[in-house]
>>> print(open('my_file-v9.cif').read())   # mmCIF, C-alpha atoms
data_work
#
loop_
_atom_site.label_atom_id
_atom_site.label_comp_id
_atom_site.auth_asym_id
_atom_site.auth_seq_id
_atom_site.Cartn_x
_atom_site.Cartn_y
_atom_site.Cartn_z
CA MET A 1 160.23 159.88 -104.40
CA MET A 2 156.72 158.42 -104.60
CA ALA A 3 154.65 158.99 -101.46
CA ARG A 4 153.94 155.88 -99.42
CA LYS A 5 150.94 154.08 -100.91
CA LYS A 6 148.42 151.68 -99.45
CA ILE A 7 147.88 148.44 -101.35
CA GLY A 8 145.65 145.42 -100.86
CA ILE A 9 146.92 141.97 -101.82
CA VAL A 10 144.01 139.76 -102.91
CA VAL A 11 144.70 136.04 -103.27
CA GLN A 12 142.77 132.76 -103.01
CA ARG A 13 144.73 131.32 -100.04
CA TYR A 14 147.29 132.75 -97.66
CA GLY A 15 149.31 131.40 -94.77
CA ILE A 16 152.72 130.50 -93.42
CA ASP A 17 151.92 126.82 -94.03
CA ILE A 18 151.10 127.44 -97.71
CA ASN A 19 154.56 127.37 -99.21
CA GLY A 20 154.17 127.06 -102.94
CA GLY A 21 152.52 128.46 -106.03
CA ALA A 22 150.82 131.82 -106.45
CA GLU A 23 149.87 131.91 -102.77
CA TYR A 24 153.48 131.80 -101.60
CA HIS A 25 154.32 134.28 -104.35
CA ALA A 26 151.64 136.65 -103.00
CA ARG A 27 152.92 136.35 -99.43
CA LEU A 28 156.50 137.16 -100.42
CA ILE A 29 155.35 140.20 -102.39
CA ALA A 30 153.15 141.37 -99.53
CA GLU A 31 156.05 141.15 -97.09
CA LYS A 32 158.60 142.78 -99.38
CA MET A 33 156.28 145.56 -100.53
CA SER A 34 155.47 146.36 -96.91
CA HIS A 35 158.93 147.96 -96.79
CA HIS A 36 157.65 150.57 -99.25
CA CYS A 37 153.85 150.63 -98.86
CA ASP A 38 151.14 149.99 -96.28
CA VAL A 39 149.92 146.47 -97.09
CA GLU A 40 146.86 144.45 -96.12
CA VAL A 41 145.89 141.00 -97.41
CA PHE A 42 142.40 139.79 -98.37
CA THR A 43 141.93 136.05 -98.78
CA SER A 44 139.76 133.02 -97.94
CA THR A 45 139.61 130.82 -94.85
CA ALA A 46 140.44 127.82 -97.06
CA HIS A 47 143.65 125.82 -96.94
CA ASP A 48 142.77 123.09 -99.46
CA TYR A 49 142.67 124.38 -103.04
CA ILE A 50 140.55 121.46 -104.26
CA SER A 51 137.57 121.71 -101.91
CA TRP A 52 138.02 125.27 -100.55
CA LYS A 53 136.62 124.02 -97.24
CA HIS A 54 136.74 126.33 -94.21
CA HIS A 55 140.03 125.87 -92.35
CA TYR A 56 141.43 129.03 -90.77
CA THR A 57 139.21 130.07 -87.87
CA ASN A 58 140.51 133.62 -87.39
CA LYS A 59 138.82 136.15 -89.66
CA TYR A 60 141.63 138.58 -88.88
CA GLU A 61 145.24 137.98 -87.92
CA ILE A 62 148.72 139.43 -88.29
CA ILE A 63 151.18 137.29 -90.27
CA ASN A 64 154.77 138.55 -90.36
CA ASN A 65 153.52 142.05 -89.54
CA ILE A 66 150.93 142.01 -92.37
CA PRO A 67 147.21 142.37 -91.51
CA VAL A 68 145.30 139.47 -93.07
CA HIS A 69 141.51 139.48 -93.56
CA ARG A 70 139.88 136.10 -94.22
CA PHE A 71 136.46 135.43 -95.75
CA GLN A 72 134.69 132.10 -95.63
CA VAL A 73 133.95 130.50 -99.00
CA GLN A 74 130.17 130.43 -99.43
CA LYS A 75 130.10 127.01 -101.07
CA PRO A 76 132.92 124.45 -101.19
CA ARG A 77 133.57 122.94 -104.59
CA ASP A 78 131.17 120.16 -105.59
CA PRO A 79 133.32 117.76 -107.68
CA LYS A 80 130.35 116.48 -109.69
CA ILE A 81 128.95 119.91 -110.57
CA PHE A 82 132.40 121.29 -111.31
CA GLY A 83 133.35 118.28 -113.42
CA ASN A 84 130.18 118.60 -115.50
CA ILE A 85 130.60 122.31 -116.22
CA GLN A 86 134.30 121.85 -116.94
CA ASN A 87 133.44 119.17 -119.49
CA VAL A 88 131.00 121.56 -121.14
CA ILE A 89 133.38 124.51 -121.46
CA PHE A 90 136.30 122.45 -122.74
CA ASN A 91 134.52 119.93 -124.93
CA GLU A 92 131.16 121.29 -126.05
CA GLU A 93 129.58 124.35 -127.61
CA HIS A 94 128.84 126.75 -124.81
CA THR A 95 128.15 130.36 -123.85
CA ILE A 96 129.94 133.01 -121.84
CA ASP A 97 127.43 132.31 -119.07
CA ASP A 98 128.67 128.71 -118.98
CA GLU A 99 132.22 129.98 -118.54
CA LEU A 100 131.14 132.32 -115.73
CA LYS A 101 129.39 129.36 -114.11
CA TRP A 102 132.66 127.43 -114.34
CA LEU A 103 134.49 130.33 -112.69
CA GLU A 104 132.06 130.28 -109.79
CA GLU A 105 132.03 126.50 -109.38
CA GLN A 106 135.83 126.29 -109.56
CA GLY A 107 136.00 128.46 -106.45
CA PRO A 108 136.79 130.00 -104.17
CA TYR A 109 133.44 131.78 -104.29
CA PHE A 110 133.45 134.50 -101.63
CA PRO A 111 131.51 137.61 -102.75
CA ASP A 112 131.83 139.04 -99.21
CA LEU A 113 135.49 139.68 -99.95
CA LEU A 114 134.70 141.79 -102.99
CA GLU A 115 132.01 143.67 -101.08
CA THR A 116 134.60 144.56 -98.44
CA LEU A 117 137.06 145.74 -101.09
CA GLU A 118 134.34 147.96 -102.51
CA LYS A 119 133.43 149.41 -99.11
CA ARG A 120 137.08 150.18 -98.35
CA GLU A 121 138.07 151.24 -101.86
CA ASN A 122 138.84 154.84 -100.86
CA GLU A 123 141.40 153.64 -98.32
CA PHE A 124 143.55 151.91 -100.93
CA ASP A 125 145.57 153.26 -103.82
CA TYR A 126 145.76 149.87 -105.57
CA TYR A 127 144.57 146.29 -105.28
CA PHE A 128 146.93 143.52 -106.42
CA PHE A 129 145.00 140.47 -107.66
CA PHE A 130 146.92 137.21 -107.78
CA SER A 131 146.07 134.44 -110.27
CA TYR A 132 143.86 135.34 -113.21
CA ARG A 133 141.68 132.25 -113.22
CA TYR A 134 139.73 132.88 -110.02
CA TYR A 135 136.52 134.64 -109.05
CA HIS A 136 138.21 137.40 -107.03
CA SER A 137 140.57 138.39 -109.85
CA TYR A 138 137.96 138.36 -112.60
CA TYR A 139 135.36 140.43 -110.77
CA GLY A 140 137.98 142.50 -108.95
CA ALA A 141 139.64 143.62 -112.17
CA LYS A 142 136.22 144.26 -113.72
CA LYS A 143 135.13 146.40 -110.78
CA PHE A 144 138.30 148.36 -109.94
CA ARG A 145 139.91 148.66 -113.40
CA ASP A 146 142.67 151.31 -113.13
CA LYS A 147 143.12 150.57 -109.44
CA ALA A 148 143.64 146.86 -110.19
CA VAL A 149 147.09 145.39 -110.72
CA LEU A 150 146.95 141.80 -111.97
CA VAL A 151 149.63 139.19 -111.33
CA PRO A 152 148.17 136.49 -113.60
CA THR A 153 150.54 133.53 -112.95
CA ALA A 154 149.13 132.09 -116.19
CA GLU A 155 150.14 128.71 -117.53
CA HIS A 156 149.82 127.46 -121.08
CA ASP A 157 146.69 125.38 -120.52
CA PRO A 158 143.15 125.45 -121.99
CA VAL A 159 141.79 127.84 -119.35
CA VAL A 160 143.65 130.87 -120.69
CA TYR A 161 141.85 130.49 -124.04
CA LEU A 162 138.34 130.76 -122.59
CA ARG A 163 136.38 133.63 -124.11
CA LEU A 164 135.74 135.40 -120.81
CA PHE A 165 139.45 136.13 -120.44
CA LYS A 166 139.89 137.86 -123.80
CA ASP A 167 138.40 141.10 -122.48
CA PHE A 168 139.54 140.44 -118.91
CA PHE A 169 143.25 140.95 -119.63
CA ASN A 170 142.43 144.43 -120.94
CA TRP A 171 140.72 145.58 -117.74
CA PRO A 172 143.52 146.02 -115.15
CA GLY A 173 145.48 149.20 -114.75
CA ALA A 174 148.67 147.15 -115.05
CA ILE A 175 149.82 143.54 -115.36
CA ILE A 176 152.92 142.06 -113.73
CA TYR A 177 154.09 139.03 -115.69
CA ASN A 178 156.25 136.15 -114.54
CA SER A 179 158.04 135.54 -117.83
CA HIS A 180 158.44 136.60 -121.45
CA GLU A 181 156.45 133.53 -122.49
CA GLU A 182 153.53 134.36 -120.22
CA LYS A 183 153.42 137.93 -121.52
CA ASP A 184 153.51 136.80 -125.16
CA MET A 185 150.78 134.23 -124.55
CA ILE A 186 148.45 136.74 -122.89
CA HIS A 187 149.09 139.28 -125.65
CA LYS A 188 148.07 136.67 -128.24
CA VAL A 189 144.96 135.70 -126.29
CA SER A 190 143.70 139.19 -125.55
CA GLY A 191 145.52 141.75 -127.68
CA ASN A 192 146.23 143.73 -124.50
CA GLN A 193 149.55 145.22 -125.60
CA GLU A 194 148.39 148.66 -124.49
CA VAL A 195 147.99 147.63 -120.86
CA PRO A 196 151.02 148.86 -118.86
CA GLY A 197 153.18 146.42 -116.99
CA ASP A 198 156.48 144.61 -116.79
CA ILE A 199 158.06 141.15 -116.66
CA VAL A 200 159.03 140.80 -113.02
CA GLY A 201 158.72 137.30 -111.60
CA ILE A 202 159.52 136.59 -107.98
CA GLY A 203 162.52 136.51 -105.70
CA SER A 204 163.30 134.01 -102.98
CA GLU A 205 164.70 134.01 -99.46
CA ILE A 206 168.14 132.45 -99.88
CA PRO A 207 169.98 131.50 -96.66
CA GLU A 208 173.44 132.90 -96.09
CA HIS A 209 174.91 129.52 -95.11
CA PHE A 210 174.34 125.97 -96.34
CA SER A 211 175.26 122.54 -94.97
CA PRO A 212 174.90 119.79 -97.56
CA GLN A 213 176.50 117.34 -95.13
CA SER A 214 173.80 118.04 -92.57
CA PHE A 215 171.21 117.04 -95.16
CA ARG A 216 173.09 113.86 -96.03
CA ASP A 217 173.46 112.90 -92.37
CA LYS A 218 169.84 113.68 -91.51
CA PHE A 219 168.38 111.62 -94.36
CA ASN A 220 171.16 109.03 -94.68
CA ILE A 221 172.08 109.86 -98.26
CA ARG A 222 175.67 108.98 -99.20
CA GLU A 223 175.58 108.68 -102.98
CA LYS A 224 175.43 111.35 -105.68
CA TYR A 225 171.88 112.55 -106.31
CA PHE A 226 169.71 114.84 -108.38
CA ILE A 227 166.60 116.32 -106.88
CA TYR A 228 162.93 117.12 -107.48
CA ILE A 229 161.23 119.58 -105.12
CA GLY A 230 157.50 120.30 -105.27
CA ARG A 231 154.08 118.71 -105.32
CA LEU A 232 154.22 115.16 -106.65
CA ASP A 233 151.28 114.78 -109.01
CA GLN A 234 150.32 114.26 -112.63
CA ASN A 235 150.23 117.95 -113.58
CA LYS A 236 153.77 118.39 -112.31
CA GLY A 237 155.00 115.65 -114.66
CA VAL A 238 156.29 113.44 -111.85
CA PRO A 239 154.89 110.09 -113.14
CA GLU A 240 156.65 110.64 -116.47
CA LEU A 241 159.88 111.55 -114.67
CA LEU A 242 159.70 108.34 -112.63
CA ASN A 243 158.99 106.24 -115.72
CA PHE A 244 161.85 107.83 -117.65
CA TYR A 245 164.30 107.41 -114.79
CA LEU A 246 163.43 103.77 -114.12
CA ARG A 247 163.84 103.03 -117.83
CA LEU A 248 167.20 104.79 -117.85
CA LEU A 249 168.41 102.72 -114.89
CA LYS A 250 167.57 99.53 -116.81
CA GLU A 251 169.49 100.70 -119.89
CA GLU A 252 172.51 102.44 -118.39
CA ASN A 253 174.79 101.94 -115.40
CA ILE A 254 174.66 105.38 -113.78
CA ASN A 255 175.59 106.16 -110.20
CA LEU A 256 172.90 108.73 -109.46
CA THR A 257 169.93 108.66 -107.06
CA LEU A 258 166.69 110.60 -107.52
CA VAL A 259 165.64 112.41 -104.34
CA LEU A 260 161.98 113.53 -104.21
CA MET A 261 160.74 116.20 -101.81
CA GLY A 262 157.17 117.40 -101.38
CA LYS A 263 153.63 116.31 -100.72
CA SER A 264 152.67 113.34 -102.90
CA VAL A 265 149.28 112.41 -104.32
CA ILE A 266 150.71 109.59 -106.46
CA ASP A 267 152.32 106.25 -105.68
CA ILE A 268 156.11 106.32 -105.48
CA PRO A 269 157.79 103.13 -106.75
CA GLU A 270 160.01 101.19 -104.36
CA HIS A 271 163.55 101.34 -105.75
CA PRO A 272 166.98 101.74 -104.12
CA ARG A 273 167.78 104.66 -106.44
CA ILE A 274 164.58 106.59 -105.61
CA LYS A 275 164.28 108.24 -102.21
CA PHE A 276 161.05 109.99 -101.27
CA LEU A 277 161.46 112.32 -98.29
CA GLY A 278 158.02 113.93 -98.20
CA PHE A 279 157.52 117.52 -97.14
CA ILE A 280 160.62 119.11 -95.60
CA GLN A 281 161.55 122.46 -94.10
CA ASP A 282 163.28 125.27 -96.01
CA GLU A 283 166.60 124.71 -94.24
CA ASP A 284 166.69 121.09 -95.39
CA LYS A 285 165.56 122.12 -98.87
CA PHE A 286 168.44 124.51 -99.41
CA ASN A 287 170.97 122.12 -97.88
CA ALA A 288 169.66 119.43 -100.25
CA LEU A 289 169.79 121.73 -103.28
CA THR A 290 173.36 122.76 -102.50
CA GLY A 291 174.48 119.15 -102.31
CA ALA A 292 172.64 117.99 -105.45
CA GLU A 293 174.21 117.48 -108.84
CA PHE A 294 171.28 119.32 -110.43
CA LEU A 295 167.55 120.02 -110.08
CA VAL A 296 164.95 118.39 -112.34
CA ILE A 297 161.67 120.17 -113.20
CA PRO A 298 159.36 117.83 -115.17
CA SER A 299 156.31 120.10 -114.84
CA GLN A 300 153.99 120.44 -117.80
CA PHE A 301 152.43 123.70 -116.63
CA GLU A 302 154.41 126.59 -115.18
CA SER A 303 154.14 130.36 -115.19
CA LEU A 304 157.43 130.55 -113.30
CA SER A 305 159.25 127.88 -111.30
CA MET A 306 160.45 129.34 -108.01
CA VAL A 307 162.51 126.28 -107.13
CA THR A 308 164.33 126.65 -110.47
CA LEU A 309 165.35 130.16 -109.44
CA GLU A 310 166.41 128.85 -106.03
CA ALA A 311 168.60 126.20 -107.66
CA TRP A 312 170.29 128.86 -109.76
CA ALA A 313 170.68 131.08 -106.70
CA VAL A 314 172.83 128.38 -105.07
CA GLY A 315 174.74 127.68 -108.29
CA LYS A 316 173.08 124.47 -109.48
CA PRO A 317 172.06 123.65 -113.08
CA VAL A 318 168.52 122.66 -113.99
CA VAL A 319 167.02 119.97 -116.21
CA ALA A 320 163.54 120.98 -117.36
CA ASN A 321 160.59 119.70 -119.33
CA GLY A 322 161.12 121.46 -122.66
CA ARG A 323 157.45 121.11 -123.56
CA THR A 324 156.84 123.88 -121.05
CA GLU A 325 157.71 127.06 -122.94
CA VAL A 326 158.48 129.07 -119.80
CA LEU A 327 161.01 126.55 -118.51
CA GLN A 328 162.73 126.17 -121.86
CA GLY A 329 162.84 129.95 -122.26
CA GLN A 330 164.37 130.44 -118.81
CA CYS A 331 167.01 127.80 -119.55
CA ARG A 332 167.87 129.48 -122.84
CA ARG A 333 168.12 132.97 -121.37
CA SER A 334 170.19 131.88 -118.41
CA ASN A 335 172.45 129.35 -120.15
CA ALA A 336 172.02 127.47 -116.89
CA GLY A 337 169.81 124.56 -117.85
CA LEU A 338 169.10 121.79 -120.32
CA TRP A 339 165.71 120.41 -121.33
CA TYR A 340 164.04 117.33 -122.79
CA THR A 341 160.78 116.71 -124.63
CA ASN A 342 160.86 112.89 -124.80
CA TYR A 343 162.65 109.90 -123.31
CA ASP A 344 165.57 109.88 -125.75
CA GLU A 345 166.36 113.52 -124.97
CA PHE A 346 165.99 112.85 -121.25
CA LYS A 347 168.50 110.04 -121.52
CA GLU A 348 170.96 112.16 -123.49
CA VAL A 349 170.76 115.04 -121.00
CA MET A 350 171.16 112.75 -117.99
CA LEU A 351 174.19 110.97 -119.42
CA LEU A 352 175.78 114.28 -120.41
CA LEU A 353 175.46 115.69 -116.90
CA CYS A 354 176.69 112.48 -115.31
CA GLU A 355 179.88 112.65 -117.38
CA ASN A 356 180.65 116.36 -117.70
CA GLU A 357 181.57 118.07 -114.42
CA GLN A 358 182.82 121.18 -116.19
CA LEU A 359 179.48 121.72 -117.92
CA LYS A 360 177.63 121.51 -114.60
CA GLU A 361 180.04 124.00 -113.07
CA ILE A 362 179.65 126.48 -115.93
CA MET A 363 175.84 126.23 -115.93
CA GLY A 364 175.76 126.63 -112.15
CA HIS A 365 177.87 129.79 -112.42
CA ASN A 366 175.59 131.14 -115.17
CA GLY A 367 172.50 130.39 -113.10
CA LYS A 368 173.78 132.25 -110.07
CA ALA A 369 174.60 135.32 -112.17
CA PHE A 370 171.17 135.14 -113.86
CA PHE A 371 169.39 135.00 -110.51
CA GLU A 372 171.32 137.92 -109.05
CA THR A 373 170.74 140.07 -112.14
CA HIS A 374 167.01 139.41 -112.55
CA TYR A 375 165.55 137.89 -109.37
CA SER A 376 167.32 139.33 -106.35
CA TRP A 377 164.83 141.11 -104.10
CA PRO A 378 166.09 144.66 -104.74
CA VAL A 379 165.52 144.08 -108.47
CA ILE A 380 162.01 142.63 -107.92
CA GLU A 381 160.94 145.36 -105.51
CA ASN A 382 162.22 148.10 -107.79
CA LYS A 383 160.20 146.73 -110.71
CA TYR A 384 157.02 146.70 -108.63
CA LEU A 385 157.65 150.28 -107.57
CA LYS A 386 158.23 151.33 -111.17
CA VAL A 387 154.87 149.83 -112.16
CA LEU A 388 153.22 151.90 -109.42
CA ASP A 389 155.09 154.98 -110.61
CA GLN A 390 153.78 154.37 -114.12
CA LEU A 391 150.22 154.06 -112.86
CA GLU A 392 150.58 157.27 -110.89
CA ALA A 393 151.87 159.07 -113.97
CA ASN A 394 148.92 157.79 -116.01
CA ARG A 395 146.51 159.27 -113.47
CA LYS A 396 147.85 162.79 -113.95
#
>>> encode(input="my_file-v9.cif", output="structure tokens")
Amino acid sequence: MMARKKIGIVVQRYGIDINGGAEYHARLIAEKMSHHCDVEVFTSTAHDYISWKHHYTNKYEIINNIPVHRFQVQKPRDPKIFGNIQNVIFNEEHTIDDELKWLEEQGPYFPDLLETLEKRENEFDYYFFFSYRYYHSYYGAKKFRDKAVLVPTAEHDPVVYLRLFKDFFNWPGAIIYNSHEEKDMIHKVSGNQEVPGDIVGIGSEIPEHFSPQSFRDKFNIREKYFIYIGRLDQNKGVPELLNFYLRLLKEENINLTLVLMGKSVIDIPEHPRIKFLGFIQDEDKFNALTGAEFLVIPSQFESLSMVTLEAWAVGKPVVANGRTEVLQGQCRRSNAGLWYTNYDEFKEVMLLLCENEQLKEIMGHNGKAFFETHYSWPVIENKYLKVLDQLEANRK
């Protein structure tokens, strides 16, 4: 049995009220790994991931029994400066120094955090850096090397192809990937096949009991519905989903409502078959998922969709954007989802699921089995511990 280790979780934002993305991923891992290791978190005082403005006033607090150290970002993001440097690195000839400037201007820029990690290095066996594309992960992996474990949460977008990341993915002691597709992509970018690691992903806290009727009563939903859960913006593919669905309603007589949940930064069209509920609590989310016909994930960029796993955990099929390799791959491996890459395919998938109850039942059963086999918390925790065991063995 491996002796109890001390690990630091390093992530750009952290808080109970941050309930999505890599930040939520990091919090779940911190809390679960605290059963096996001594865990502390190092993060920023920011809540907004666009501006990185100072938000949390406590530099130190305990969140769900985890010590959390916060460092104020030295300069919030300047949209003009950041936009200019981003245009240079994606559209013009440029240098590595330009890319490092982009990294700093993207934020959060908080060198005090890294200085603290360096001062306390002897206290920790390993530092876990979440999200590859940020200042803390780049310079943390460069500084701590074999003590650094990277959880990249990489998406298939232009950032991963920047030159500064080719060497970067070879620096950490180990990498914990979210999916086969993410691992393959990073291998192609960096040739880092020799770096130890595993495909792990993330679990989720699934309630023991559900009440779909409570959700229907609370939000006055009586008809059949399918559901989108997450941030409503362009990068998540929501405008395309809305356009496709409104077109489908004009062409076909289908008795199915689209329910949207999450914070929106886009305009939601007024339509009797589209119901926007805004941000809701976890209890309502799971009650809604359990009562839905299926979940739709139109996102164009994903390293791993947690809500997809949650849908499968409660036995619901998924309809995904097939242009996102990770989502299509997860649907293929699970036999629990269908996908589309254009409107005609969207229409075909929607009509199929509206007409075929048996198919939905089979896919839901497959999804639940897939979740329990690969994403239940005992499985996730064991994989993390095995990565630490491998790092320990490499030290000897």
>>> closest_atom_pairs(input="my_file-v9.cif", of="range 107-131 of chain A", to="range 385-393 of chain A", cutoff="12 Å", atoms="only C-alpha atoms", output="tab-separated table")
residue	atom	partner	partner_atom	distance
A:Asp125	CA	A:Glu392	CA	9.5
A:Tyr126	CA	A:Leu388	CA	8.6
A:Tyr127	CA	A:Leu388	CA	11.1
A:Phe128	CA	A:Leu388	CA	10.9
>>> write_last_selection(input="my_file-v9.cif", atoms="C-alpha atoms", output="PDB file, in the frame of the given file")
ATOM      1  CA  ASP A 125     145.570 153.260-103.820  1.00  0.00           C
ATOM      2  CA  TYR A 126     145.760 149.870-105.570  1.00  0.00           C
ATOM      3  CA  TYR A 127     144.570 146.290-105.280  1.00  0.00           C
ATOM      4  CA  PHE A 128     146.930 143.520-106.420  1.00  0.00           C
TER       5      PHE A 128
END
>>> closest_residue(input="my_file-v9.cif", among="A:Asn356, A:Asn287, A:Ser264, A:Gln281", to="Ser214 in chain A", atoms="only C-alpha atoms")
A:Asn287
>>> closest_residue(input="my_file-v9.cif", among="A:Glu293, A:Asp344, A:Glu104, A:Glu182", to="Glu251 in chain A", atoms="all atoms listed in the file")
A:Asp344
>>> residues_around(input="my_file-v9.cif", residues="Tyr177 in chain A", least_positions_apart="3", cutoff="8 Å", atoms="all atoms listed in the file", output="MDAnalysis selection string")
chainID A and resid 151:153 180 182:183 197:201
>>> residues_around(input="my_file-v9.cif", residues="Leu353 in chain A", least_positions_apart="6", cutoff="10 Å", atoms="only C-alpha atoms", output="ChimeraX atom specification")
/A:293-294,317,319,338,359-360
>>> residues_around(input="my_file-v9.cif", residues="range 296-299 of chain A", least_positions_apart="4", cutoff="8 Å", atoms="all atoms listed in the file", output="list in words")
Phe226, Ile227, Tyr228, Asn235, Lys236, Gly237, Val238, Glu240, Leu241, Thr308, Val318, Val319, Ala320, Asn321 and Thr324 of chain A
>>> closest_residue(input="my_file-v9.cif", among="A:Gly278, A:Gly15, A:Pro272, A:Gly367", to="Thr257 in chain A", atoms="all atoms listed in the file")
A:Pro272
>>> closest_residue(input="my_file-v9.cif", among="A:Phe276, A:Tyr132, A:Trp377, A:Trp171", to="Ala148 in chain A", atoms="all atoms listed in the file")
A:Trp171
>>> residues_around(input="my_file-v9.cif", residues="Tyr49 in chain A", least_positions_apart="6", cutoff="12 Å", atoms="all atoms listed in the file", output="list in words")
Val11, Gln12, Arg13, Tyr14, Ile18, Gly20, Gly21, Ala22, Glu23, His55, Val73, Pro76, Arg77, Gln106, Gly107, Pro108, Tyr109 and Tyr134 of chain A
>>> closest_residue(input="my_file-v9.cif", among="A:Asn19, A:Asn243, A:Asn122, A:Gln86", to="Ile229 in chain A", atoms="only C-alpha atoms")
A:Asn19
>>> atom_distance(input="my_file-v9.cif", atom1="CA of Arg4 in chain A", atom2="CA of His36 in chain A")
6.5 Å
>>> residues_around(input="my_file-v9.cif", residues="Asp284 in chain A", least_positions_apart="4", cutoff="7 Å", atoms="all atoms listed in the file", output="mmCIF file with C-alpha atoms, keeping the file's coordinate frame")
data_model
loop_
_atom_site.group_PDB
_atom_site.id
_atom_site.type_symbol
_atom_site.label_atom_id
_atom_site.label_comp_id
_atom_site.auth_asym_id
_atom_site.auth_seq_id
_atom_site.Cartn_x
_atom_site.Cartn_y
_atom_site.Cartn_z
ATOM 1 C CA PHE A 215 171.210 117.040 -95.160
ATOM 2 C CA ILE A 280 160.620 119.110 -95.600
ATOM 3 C CA ALA A 288 169.660 119.430 -100.250
#
>>> resolve_selection(input="my_file-v9.cif", expression="the PyMOL selection byres ((chain A and resi 207) around 12)", output="list in words")
Ser204, Glu205, Ile206, Glu208, His209, Phe210, Ser211, Asp282, Glu283, Asp284, Lys285, Phe286, Asn287, Leu289, Thr290, Glu310, Ala313 and Val314 of chain A
>>> decode(input="my_file-v9.cif", residues="range 124-137 of chain A", atoms="N, CA and C atoms", output="mmCIF file, in the first residue's frame")
data_model
loop_
_atom_site.group_PDB
_atom_site.id
_atom_site.type_symbol
_atom_site.label_atom_id
_atom_site.label_comp_id
_atom_site.auth_asym_id
_atom_site.auth_seq_id
_atom_site.Cartn_x
_atom_site.Cartn_y
_atom_site.Cartn_z
ATOM 1 N N PHE A 124 5.313 18.947 -0.613
ATOM 2 C CA PHE A 124 4.390 18.228 -1.491
ATOM 3 C C PHE A 124 5.113 17.151 -2.295
ATOM 4 N N ASP A 125 4.421 16.026 -2.437
ATOM 5 C CA ASP A 125 4.952 14.961 -3.292
ATOM 6 C C ASP A 125 4.687 15.267 -4.756
ATOM 7 N N TYR A 126 3.497 15.825 -5.041
ATOM 8 C CA TYR A 126 3.131 16.113 -6.437
ATOM 9 C C TYR A 126 2.232 17.340 -6.486
ATOM 10 N N TYR A 127 2.329 18.051 -7.623
ATOM 11 C CA TYR A 127 1.396 19.121 -7.953
ATOM 12 C C TYR A 127 0.570 18.682 -9.164
ATOM 13 N N PHE A 128 -0.740 18.798 -9.063
ATOM 14 C CA PHE A 128 -1.634 18.502 -10.179
ATOM 15 C C PHE A 128 -2.043 19.819 -10.823
ATOM 16 N N PHE A 129 -1.679 20.009 -12.094
ATOM 17 C CA PHE A 129 -2.006 21.235 -12.813
ATOM 18 C C PHE A 129 -3.181 20.974 -13.761
ATOM 19 N N PHE A 130 -4.239 21.742 -13.574
ATOM 20 C CA PHE A 130 -5.427 21.574 -14.400
ATOM 21 C C PHE A 130 -5.481 22.624 -15.503
ATOM 22 N N SER A 131 -5.729 22.151 -16.709
ATOM 23 C CA SER A 131 -5.893 22.922 -17.944
ATOM 24 C C SER A 131 -4.549 23.406 -18.487
ATOM 25 N N TYR A 132 -4.178 22.855 -19.622
ATOM 26 C CA TYR A 132 -2.844 23.065 -20.184
ATOM 27 C C TYR A 132 -2.606 24.482 -20.669
ATOM 28 N N ARG A 133 -3.653 25.211 -21.003
ATOM 29 C CA ARG A 133 -3.497 26.442 -21.772
ATOM 30 C C ARG A 133 -3.313 27.689 -20.914
ATOM 31 N N TYR A 134 -2.989 27.516 -19.655
ATOM 32 C CA TYR A 134 -2.871 28.652 -18.746
ATOM 33 C C TYR A 134 -1.462 28.800 -18.183
ATOM 34 N N TYR A 135 -1.206 30.017 -17.742
ATOM 35 C CA TYR A 135 0.092 30.420 -17.193
ATOM 36 C C TYR A 135 0.584 29.458 -16.125
ATOM 37 N N HIS A 136 -0.276 29.122 -15.157
ATOM 38 C CA HIS A 136 0.164 28.295 -14.026
ATOM 39 C C HIS A 136 0.583 26.902 -14.464
ATOM 40 N N SER A 137 -0.109 26.337 -15.456
ATOM 41 C CA SER A 137 0.236 24.990 -15.919
ATOM 42 C C SER A 137 1.519 24.996 -16.730
#
